[in-house]
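Below is one structure, written out as structure tokens; the observations come after it.
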Amino acid sequence: MQITKAEPIYDVVVIGSGAGGGTVVHSLTQQGVKVLLLEAGGPLNPAKDFKEHIMPWHVPHRGAGEDGRYYFGGMKYGYFEAPNGYWDVPGEPYTVAKGSQFSWFRSRIVGGRTNHFGRIALRFSDYDFKPKSTDGLGEDWPITYEDVAPWYDKAEAFIGVHGTKEGLRTAPDGIFQPPPAPRVHEVLIQKSCAQLGIPVIPARKAMITKPLNGRAACHYCGHCGRGCLTASAYSSSQVQIFPALKTGRLEIRTNAMVREVTVAKDGLVDGVSYIDKLTREERRVKARVVVLAASSCESARILLNSKSASFPNGLANSSGTVGKYLTDTVGLSVRGQIPALEGLMHYDTDGIRGMHTYIPWWLFGKNLDFPRGYHVEMGGGFPQPQLGTFSGTASRHQSFGAKLKRQIRESYGTSIGFTGRGEMIPNEKSFCEIDPTVTDQFGIPVLRFHFAWSDHELKQSAHMRKTFTEIIQNLGGRPESISSTNITTGGEVIHEVGTARMGKDPRTSVLNGFNQAHDVKNLFVADAAPFTSNPDKNPTLTIIALGMRMSSYLAEEMRKGNV
Amino acid sequence: MSDISRRTLIQLPAFAAAAAAAAQEAPHDHGSQSSSFARPPRTVFLADHEFATLEKLCDCILPADEVSPAASAAGAPEYIELLCSGNARLAQIFHGGLAWLDTQSRVRCGANFAGAPPAEQIALLELIADKRQATAEYKAGVEFFDWARRMTVDAFYTTPHGYRDVDYKGGKGMTQYETPAAALAQALQKANLK
């Protein structure tokens, strides 16, 4: 290691710049705390890096990549999207144990996955914080809906979320901007689902329909996944990190791949050691407090790799539960061709990418053959043609010539699709650990994943299939499967959570209710690793709310001299 | 992180604010409908004869009709050639597939595919276009045709020709999203919903 000059001691070092890290640096710098943010990926310049508004013919390869990798599955989110992350990060492998299947998506860029994610912003319900008390499975959170509700309010008001007040227990209302009007197929689905007793309500997404804090209202171009140049769609980079830089209290180091959190003789953490990816040199920074927000599994990896005399099994791991209780979201999709949409006059369906309406869980408390529930996302309309838009049509008809052109023209805009997003119960077979033999290109031991769905999830996905089939049939449509399997692969929905869960009992959990390690009072985790359960509501809004709550607690504890 | 990249990042809030302000003034130009499209130059990778065969094949897959021009006008052969030049697997698929077409065409009518009478070209493609009906002896051709069809469709519908063909109305952005009343009424009536 090379220490050339005395480094300052930061108040707080935050590892990771996604929803959790972005929230924490914004919140803390607002409260006067000096923060160093370490990001394993590169810097972000939206003007250069976001491909919003580029048409496919503006690049000779139309989005397939110069090497045509689109055609061989190497570009799931497409050339125009802004993930800056992949299922495979070159030089940074992970392994999957025999008999398991798991895919791990990582973003390596300032802002992380928030630059491109779906922006679905759903509050957890009261019962979501008490899963064990509700049905005996999993574990209760150490905090309640009432504890988090004021922070949901603050989070929604700050990042900007659209939606409507519906008074549903399964989908608590929030501080909403007005939602965009529904598209034609969404109204059809809403009216048809009403006949089946299934509620269809305006979607709740972190996309602003009114100007907010200098951010322009959405201009409905549908390119949200490419990164939003006007920051109308929330990203931690544009909404939290760039403004935090303006305070003068934030320093960012990019391409900083954290190896471990360092521990002083007193058993408290005193900083971080990381590899500067550009020079491959190890660097060390000192801080009073360390906040991990590297994404659930990466944070678990850092904890497990931070072994010391005080923590031989990994940092903050006296319970042995770091890496355990890994869950992803249950997913299944069905689509259908709807005759009522054939010959429909064409109109602009770009809007907010994806859906303007969704189905919140509607069977809470009903007697079903699986626990918990799911929400339903939907798609349809006349999408902007891209590579692959008509591959399905061509493949279905196996035709060519003028006939194929006509079939594509006539089927365009006539199909709708439904995707279920449901809750997985943590199980013994699903966890991550350090692979005993494999390291990444920086010499850092990598994760090995174990993953298994249980009957709970398989029965839930079967219920999804049955429901979506009924909805499509009720609209007079012909259902056809989108998914080739009965359930998504673990990790595929990119909602991996729970690997450093919070809980009341230090023997069975890593963190307390303020995201603070039971074992080490100046160590916090602010991504989705602290989640005690993985409800059927996407994790991001709760990451942000808990990150704000944690930052407020942390700043106060620092003022009091407790950490 | 280097000083340069740090400076770049620090400058961003100013940029973002300016962009946001500009966006509030006027919607972005997403203009796609009015865009013109010039057939791109070749990335010379295939032999001239292979390219001519590919061009003919693309235009058989998506010929000109009363709505839009043929696939070649959308640069489909140039697109496929470009990707073949950058991807060995695609190159193998197309080198092999185009040769297969010639061989079969010579057996059937004594001429290479590109030089065969149009009716012979179509008759040959009929044998490999539908994998559900293809016989075992044409299996290689079926595999190849699936690639050619998929990539030709991709190429054609990712140009203004394709956008106009399917009558894509978006790509403009707007200040307010509203449900189009006439389209909604039409769909509700057809779906027998109120």
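Letters A, B, ... mark the chains of the structure tokens in the order given; residue numbers begin at 1 per chain; ligand numbers begin at 1, in order shown.
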
Just the residues within 9 Å of Arg108 of chain B, please, counting only C-alpha atoms, with nothing from its chain fewer than 4 positions along; format it as a list in words.
Thr103, Gln104, Glu120 and Leu124 of chain B

Let's have the selection written as a compact mmCIF listing (two decimals), in the first residue's frame, with C-alpha atoms.
# COMPACT_ATOMS: atom_id res chain seq x y z
CA THR B 103 -26.17 -24.16 -54.45
CA GLN B 104 -29.87 -24.88 -54.08
CA GLU B 120 -37.67 -19.41 -58.71
CA LEU B 124 -36.89 -21.65 -53.06

Quiz prompt | Exercise answer, chain B residues close to chain A, 6 Å and only C-alpha atoms, as a ChimeraX atom specification | solution = /B:1,13,20,24,30,60-63,83,86-87,129-130,150,154,158-159,166,169-170,173-175,177-179,183-184,187,190-191

Store the residues picked out above, limited to N, CA and C atoms, as an mmCIF file, in the first residue's frame.
data_model
loop_
_atom_site.group_PDB
_atom_site.id
_atom_site.type_symbol
_atom_site.label_atom_id
_atom_site.label_comp_id
_atom_site.auth_asym_id
_atom_site.auth_seq_id
_atom_site.Cartn_x
_atom_site.Cartn_y
_atom_site.Cartn_z
ATOM 1 N N MET B 1 -9.792 8.808 -8.605
ATOM 2 C CA MET B 1 -10.382 9.535 -9.737
ATOM 3 C C MET B 1 -9.482 10.692 -10.131
ATOM 4 N N PRO B 13 -23.839 19.895 -12.277
ATOM 5 C CA PRO B 13 -25.081 20.513 -11.809
ATOM 6 C C PRO B 13 -25.471 21.714 -12.665
ATOM 7 N N ALA B 20 -32.439 21.403 -17.747
ATOM 8 C CA ALA B 20 -33.794 21.369 -17.204
ATOM 9 C C ALA B 20 -34.541 22.640 -17.590
ATOM 10 N N GLN B 24 -37.878 22.998 -20.051
ATOM 11 C CA GLN B 24 -39.146 23.607 -19.663
ATOM 12 C C GLN B 24 -39.589 24.650 -20.677
ATOM 13 N N HIS B 30 -37.621 15.398 -30.613
ATOM 14 C CA HIS B 30 -37.481 13.953 -30.743
ATOM 15 C C HIS B 30 -37.734 13.579 -32.195
ATOM 16 N N CYS B 60 -36.550 -9.875 -51.016
ATOM 17 C CA CYS B 60 -37.598 -10.903 -51.069
ATOM 18 C C CYS B 60 -38.313 -10.985 -49.721
ATOM 19 N N ILE B 61 -37.561 -10.799 -48.650
ATOM 20 C CA ILE B 61 -38.154 -10.886 -47.305
ATOM 21 C C ILE B 61 -39.091 -9.707 -47.068
ATOM 22 N N LEU B 62 -38.626 -8.510 -47.393
ATOM 23 C CA LEU B 62 -39.475 -7.320 -47.276
ATOM 24 C C LEU B 62 -39.414 -6.537 -48.590
ATOM 25 N N PRO B 63 -40.284 -6.878 -49.530
ATOM 26 C CA PRO B 63 -40.289 -6.187 -50.820
ATOM 27 C C PRO B 63 -41.001 -4.830 -50.729
ATOM 28 N N LEU B 83 -22.542 -5.966 -39.381
ATOM 29 C CA LEU B 83 -22.470 -6.809 -38.186
ATOM 30 C C LEU B 83 -21.674 -8.087 -38.456
ATOM 31 N N GLY B 86 -18.117 -7.542 -37.861
ATOM 32 C CA GLY B 86 -17.685 -7.422 -36.474
ATOM 33 C C GLY B 86 -17.959 -8.644 -35.629
ATOM 34 N N ASN B 87 -18.541 -9.676 -36.242
ATOM 35 C CA ASN B 87 -18.949 -10.833 -35.445
ATOM 36 C C ASN B 87 -18.744 -12.119 -36.246
ATOM 37 N N ALA B 129 -38.883 -20.926 -45.446
ATOM 38 C CA ALA B 129 -39.400 -19.808 -44.651
ATOM 39 C C ALA B 129 -40.155 -20.266 -43.409
ATOM 40 N N ASP B 130 -40.779 -21.426 -43.471
ATOM 41 C CA ASP B 130 -41.639 -21.860 -42.371
ATOM 42 C C ASP B 130 -41.067 -23.114 -41.738
ATOM 43 N N ARG B 150 -34.983 -12.286 -39.405
ATOM 44 C CA ARG B 150 -34.938 -11.504 -38.166
ATOM 45 C C ARG B 150 -34.137 -10.211 -38.349
ATOM 46 N N ASP B 154 -35.387 -6.344 -38.424
ATOM 47 C CA ASP B 154 -34.765 -5.375 -37.512
ATOM 48 C C ASP B 154 -34.265 -4.149 -38.278
ATOM 49 N N THR B 158 -36.127 -0.187 -38.134
ATOM 50 C CA THR B 158 -35.374 0.790 -37.336
ATOM 51 C C THR B 158 -34.921 1.953 -38.218
ATOM 52 N N THR B 159 -35.725 2.257 -39.231
ATOM 53 C CA THR B 159 -35.472 3.431 -40.079
ATOM 54 C C THR B 159 -36.779 4.207 -40.226
ATOM 55 N N VAL B 166 -45.334 1.333 -40.235
ATOM 56 C CA VAL B 166 -46.256 0.917 -39.166
ATOM 57 C C VAL B 166 -47.021 2.101 -38.582
ATOM 58 N N LYS B 169 -46.605 6.915 -34.190
ATOM 59 C CA LYS B 169 -47.001 8.317 -33.993
ATOM 60 C C LYS B 169 -46.164 9.049 -32.948
ATOM 61 N N GLY B 170 -45.326 8.300 -32.242
ATOM 62 C CA GLY B 170 -44.612 8.932 -31.125
ATOM 63 C C GLY B 170 -43.290 9.545 -31.529
ATOM 64 N N GLY B 173 -42.413 13.646 -27.978
ATOM 65 C CA GLY B 173 -42.510 14.276 -26.676
ATOM 66 C C GLY B 173 -43.716 15.193 -26.657
ATOM 67 N N MET B 174 -44.193 15.517 -25.475
ATOM 68 C CA MET B 174 -45.351 16.406 -25.355
ATOM 69 C C MET B 174 -45.365 17.003 -23.964
ATOM 70 N N THR B 175 -46.164 18.033 -23.768
ATOM 71 C CA THR B 175 -46.164 18.674 -22.457
ATOM 72 C C THR B 175 -47.177 18.026 -21.520
ATOM 73 N N TYR B 177 -49.775 14.443 -21.133
ATOM 74 C CA TYR B 177 -50.227 13.190 -21.754
ATOM 75 C C TYR B 177 -51.726 13.038 -21.569
ATOM 76 N N GLU B 178 -52.441 12.916 -22.656
ATOM 77 C CA GLU B 178 -53.883 12.746 -22.569
ATOM 78 C C GLU B 178 -54.325 11.502 -23.310
ATOM 79 N N THR B 179 -55.371 10.854 -22.791
ATOM 80 C CA THR B 179 -55.926 9.692 -23.475
ATOM 81 C C THR B 179 -56.639 10.188 -24.735
ATOM 82 N N ALA B 183 -59.775 7.375 -30.205
ATOM 83 C CA ALA B 183 -59.242 6.015 -30.185
ATOM 84 C C ALA B 183 -59.857 5.220 -29.038
ATOM 85 N N LEU B 184 -60.021 5.882 -27.907
ATOM 86 C CA LEU B 184 -60.601 5.201 -26.750
ATOM 87 C C LEU B 184 -62.032 4.764 -27.050
ATOM 88 N N ALA B 187 -62.042 1.746 -29.318
ATOM 89 C CA ALA B 187 -61.629 0.492 -28.671
ATOM 90 C C ALA B 187 -62.691 -0.010 -27.695
ATOM 91 N N LYS B 190 -65.485 -1.619 -29.563
ATOM 92 C CA LYS B 190 -65.092 -2.912 -30.120
ATOM 93 C C LYS B 190 -64.967 -3.976 -29.029
ATOM 94 N N ALA B 191 -64.542 -3.547 -27.840
ATOM 95 C CA ALA B 191 -64.379 -4.491 -26.732
ATOM 96 C C ALA B 191 -65.691 -4.687 -25.976
#

Practice task
Fewer than 4 positions away in the same chain doesn't count, so skip those; otherwise give me all residues within 6 Å of segment 500-502 of chain A, counting only C-alpha atoms, as a PyMOL selection string.
Solution key: chain A and resi 322+509-513+529-532

Write the residues of the selection above to a file with N, CA, C and O atoms, as a PDB file, in the first residue's frame.
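result-v3.pdb written:
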ATOM      1  N   VAL A 322     -24.781 -12.512   7.957  1.00  0.00           N
ATOM      2  CA  VAL A 322     -24.419 -11.706   6.779  1.00  0.00           C
ATOM      3  C   VAL A 322     -24.406 -12.619   5.546  1.00  0.00           C
ATOM      4  O   VAL A 322     -23.780 -13.681   5.560  1.00  0.00           O
ATOM      5  N   SER A 509     -29.763 -11.147  13.584  1.00  0.00           N
ATOM      6  CA  SER A 509     -29.792 -10.062  12.596  1.00  0.00           C
ATOM      7  C   SER A 509     -28.491  -9.280  12.667  1.00  0.00           C
ATOM      8  O   SER A 509     -27.740  -9.383  13.639  1.00  0.00           O
ATOM      9  N   VAL A 510     -28.230  -8.503  11.610  1.00  0.00           N
ATOM     10  CA  VAL A 510     -26.965  -7.779  11.497  1.00  0.00           C
ATOM     11  C   VAL A 510     -27.109  -6.338  11.994  1.00  0.00           C
ATOM     12  O   VAL A 510     -26.189  -5.778  12.576  1.00  0.00           O
ATOM     13  N   LEU A 511     -28.260  -5.748  11.732  1.00  0.00           N
ATOM     14  CA  LEU A 511     -28.449  -4.313  11.983  1.00  0.00           C
ATOM     15  C   LEU A 511     -29.614  -4.084  12.933  1.00  0.00           C
ATOM     16  O   LEU A 511     -30.525  -4.917  13.027  1.00  0.00           O
ATOM     17  N   ASN A 512     -29.604  -2.914  13.566  1.00  0.00           N
ATOM     18  CA  ASN A 512     -30.782  -2.515  14.330  1.00  0.00           C
ATOM     19  C   ASN A 512     -31.733  -1.731  13.420  1.00  0.00           C
ATOM     20  O   ASN A 512     -31.502  -1.599  12.222  1.00  0.00           O
ATOM     21  N   GLY A 513     -32.791  -1.211  14.000  1.00  0.00           N
ATOM     22  CA  GLY A 513     -33.825  -0.545  13.212  1.00  0.00           C
ATOM     23  C   GLY A 513     -33.400   0.768  12.581  1.00  0.00           C
ATOM     24  O   GLY A 513     -34.164   1.368  11.825  1.00  0.00           O
ATOM     25  N   ALA A 529     -29.829  -4.400   1.599  1.00  0.00           N
ATOM     26  CA  ALA A 529     -29.376  -5.512   2.448  1.00  0.00           C
ATOM     27  C   ALA A 529     -30.100  -5.531   3.793  1.00  0.00           C
ATOM     28  O   ALA A 529     -30.361  -6.599   4.328  1.00  0.00           O
ATOM     29  N   PRO A 530     -30.453  -4.354   4.366  1.00  0.00           N
ATOM     30  CA  PRO A 530     -31.117  -4.369   5.678  1.00  0.00           C
ATOM     31  C   PRO A 530     -32.551  -4.905   5.654  1.00  0.00           C
ATOM     32  O   PRO A 530     -33.130  -5.111   6.716  1.00  0.00           O
ATOM     33  N   PHE A 531     -33.147  -5.109   4.495  1.00  0.00           N
ATOM     34  CA  PHE A 531     -34.559  -5.484   4.431  1.00  0.00           C
ATOM     35  C   PHE A 531     -34.791  -6.840   5.112  1.00  0.00           C
ATOM     36  O   PHE A 531     -34.198  -7.846   4.742  1.00  0.00           O
ATOM     37  N   THR A 532     -35.691  -6.845   6.066  1.00  0.00           N
ATOM     38  CA  THR A 532     -36.002  -8.074   6.792  1.00  0.00           C
ATOM     39  C   THR A 532     -36.895  -8.982   5.952  1.00  0.00           C
ATOM     40  O   THR A 532     -36.930 -10.194   6.130  1.00  0.00           O
TER      41      THR A 532
END

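For the pair atom CA of Gly22 of chain A and atom CA of His518 of chain A, the interatomic distance is 23.5 Å.
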
Self-check item: Selection near Leu46 of chain B, 12 Å with only C-alpha atoms, sequence-local residues under 4 positions removed, as a PyMOL selection string
Solution: chain B and resi 42+50-55+77-86+90-92+94-96+98-99

What's the 6 Å shell around segment 490-496 of chain A, counting only C-alpha atoms, without same-chain residues fewer than 2 positions away, as a list in words?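 Answer for this query is Phe102, Ser103, Trp104, Thr327, Asp328 and Thr329 of chain A.
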
Would you mind writing down, as an MDAnalysis selection string, each residue of segment 345-518 of chain A that DSSP on the backbone assigns to strand (DSSP E or B)? chainID A and resid 351 357:359 374:379 415:422 424 431:439 445:450 478:481 497 502 511 516:517

Check: Counting only C-alpha atoms, what is within 7 Å of Ala76 of chain B, bar same-chain residues fewer than 4 positions away, as a PyMOL selection string?
Finding: chain B and resi 58+71-72+80+152+155-156

Contact residues around Gly323 of chain A with only C-alpha atoms at 8 Å, ignoring same-chain residues under 3 positions, as a compact mmCIF listing (two decimals) with all heavy atoms, in the first residue's frame:
# COMPACT_ATOMS: atom_id res chain seq x y z
N CYS A 297 -25.85 -7.41 -2.19
CA CYS A 297 -24.88 -8.51 -2.20
C CYS A 297 -23.45 -7.99 -2.14
O CYS A 297 -22.59 -8.59 -1.50
CB CYS A 297 -25.11 -9.40 -3.41
SG CYS A 297 -26.74 -10.18 -3.38
N ALA A 300 -22.73 -7.17 1.39
CA ALA A 300 -22.48 -8.40 2.14
C ALA A 300 -21.07 -8.91 1.84
O ALA A 300 -20.35 -9.35 2.73
CB ALA A 300 -23.52 -9.46 1.78
N ARG A 301 -20.69 -8.82 0.56
CA ARG A 301 -19.35 -9.26 0.17
C ARG A 301 -18.27 -8.47 0.92
O ARG A 301 -17.30 -9.03 1.42
CB ARG A 301 -19.19 -9.07 -1.34
CG ARG A 301 -17.84 -9.46 -1.89
CD ARG A 301 -17.75 -9.07 -3.37
NE ARG A 301 -16.44 -9.37 -3.93
CZ ARG A 301 -15.98 -8.83 -5.06
NH1 ARG A 301 -16.74 -7.98 -5.75
NH2 ARG A 301 -14.78 -9.14 -5.51
N LEU A 326 -31.15 -14.14 1.54
CA LEU A 326 -31.17 -13.50 0.22
C LEU A 326 -32.48 -13.84 -0.49
O LEU A 326 -32.86 -15.01 -0.59
CB LEU A 326 -29.99 -14.02 -0.60
CG LEU A 326 -29.96 -13.68 -2.10
CD1 LEU A 326 -29.83 -12.18 -2.32
CD2 LEU A 326 -28.82 -14.42 -2.80
N PHE A 431 -28.71 -17.87 -0.21
CA PHE A 431 -27.77 -16.99 0.49
C PHE A 431 -26.54 -16.79 -0.39
O PHE A 431 -26.37 -17.45 -1.42
CB PHE A 431 -27.36 -17.59 1.84
CG PHE A 431 -26.67 -18.93 1.76
CD1 PHE A 431 -25.28 -19.02 1.78
CD2 PHE A 431 -27.41 -20.11 1.67
CE1 PHE A 431 -24.65 -20.26 1.71
CE2 PHE A 431 -26.78 -21.36 1.60
CZ PHE A 431 -25.39 -21.44 1.62
N CYS A 432 -25.69 -15.85 0.00
CA CYS A 432 -24.41 -15.70 -0.67
C CYS A 432 -23.30 -15.79 0.36
O CYS A 432 -23.49 -15.49 1.53
CB CYS A 432 -24.34 -14.39 -1.47
SG CYS A 432 -24.62 -12.89 -0.52
N GLU A 433 -22.15 -16.22 -0.10
CA GLU A 433 -20.99 -16.40 0.79
C GLU A 433 -19.74 -16.12 -0.05
O GLU A 433 -19.83 -15.95 -1.26
CB GLU A 433 -20.95 -17.85 1.30
CG GLU A 433 -20.82 -18.85 0.15
CD GLU A 433 -20.87 -20.30 0.58
OE1 GLU A 433 -20.82 -20.57 1.78
OE2 GLU A 433 -20.95 -21.17 -0.31
N GLY A 498 -31.84 -8.33 1.52
CA GLY A 498 -31.94 -9.10 2.77
C GLY A 498 -30.65 -9.65 3.35
O GLY A 498 -30.68 -10.33 4.36
N THR A 499 -29.50 -9.35 2.73
CA THR A 499 -28.26 -10.03 3.09
C THR A 499 -27.56 -9.46 4.32
O THR A 499 -26.48 -9.93 4.68
CB THR A 499 -27.30 -10.00 1.89
OG1 THR A 499 -27.27 -8.65 1.40
CG2 THR A 499 -27.78 -10.92 0.79
N ALA A 500 -28.13 -8.43 4.93
CA ALA A 500 -27.61 -7.92 6.21
C ALA A 500 -28.83 -7.37 6.94
O ALA A 500 -28.95 -6.18 7.19
CB ALA A 500 -26.55 -6.84 6.01
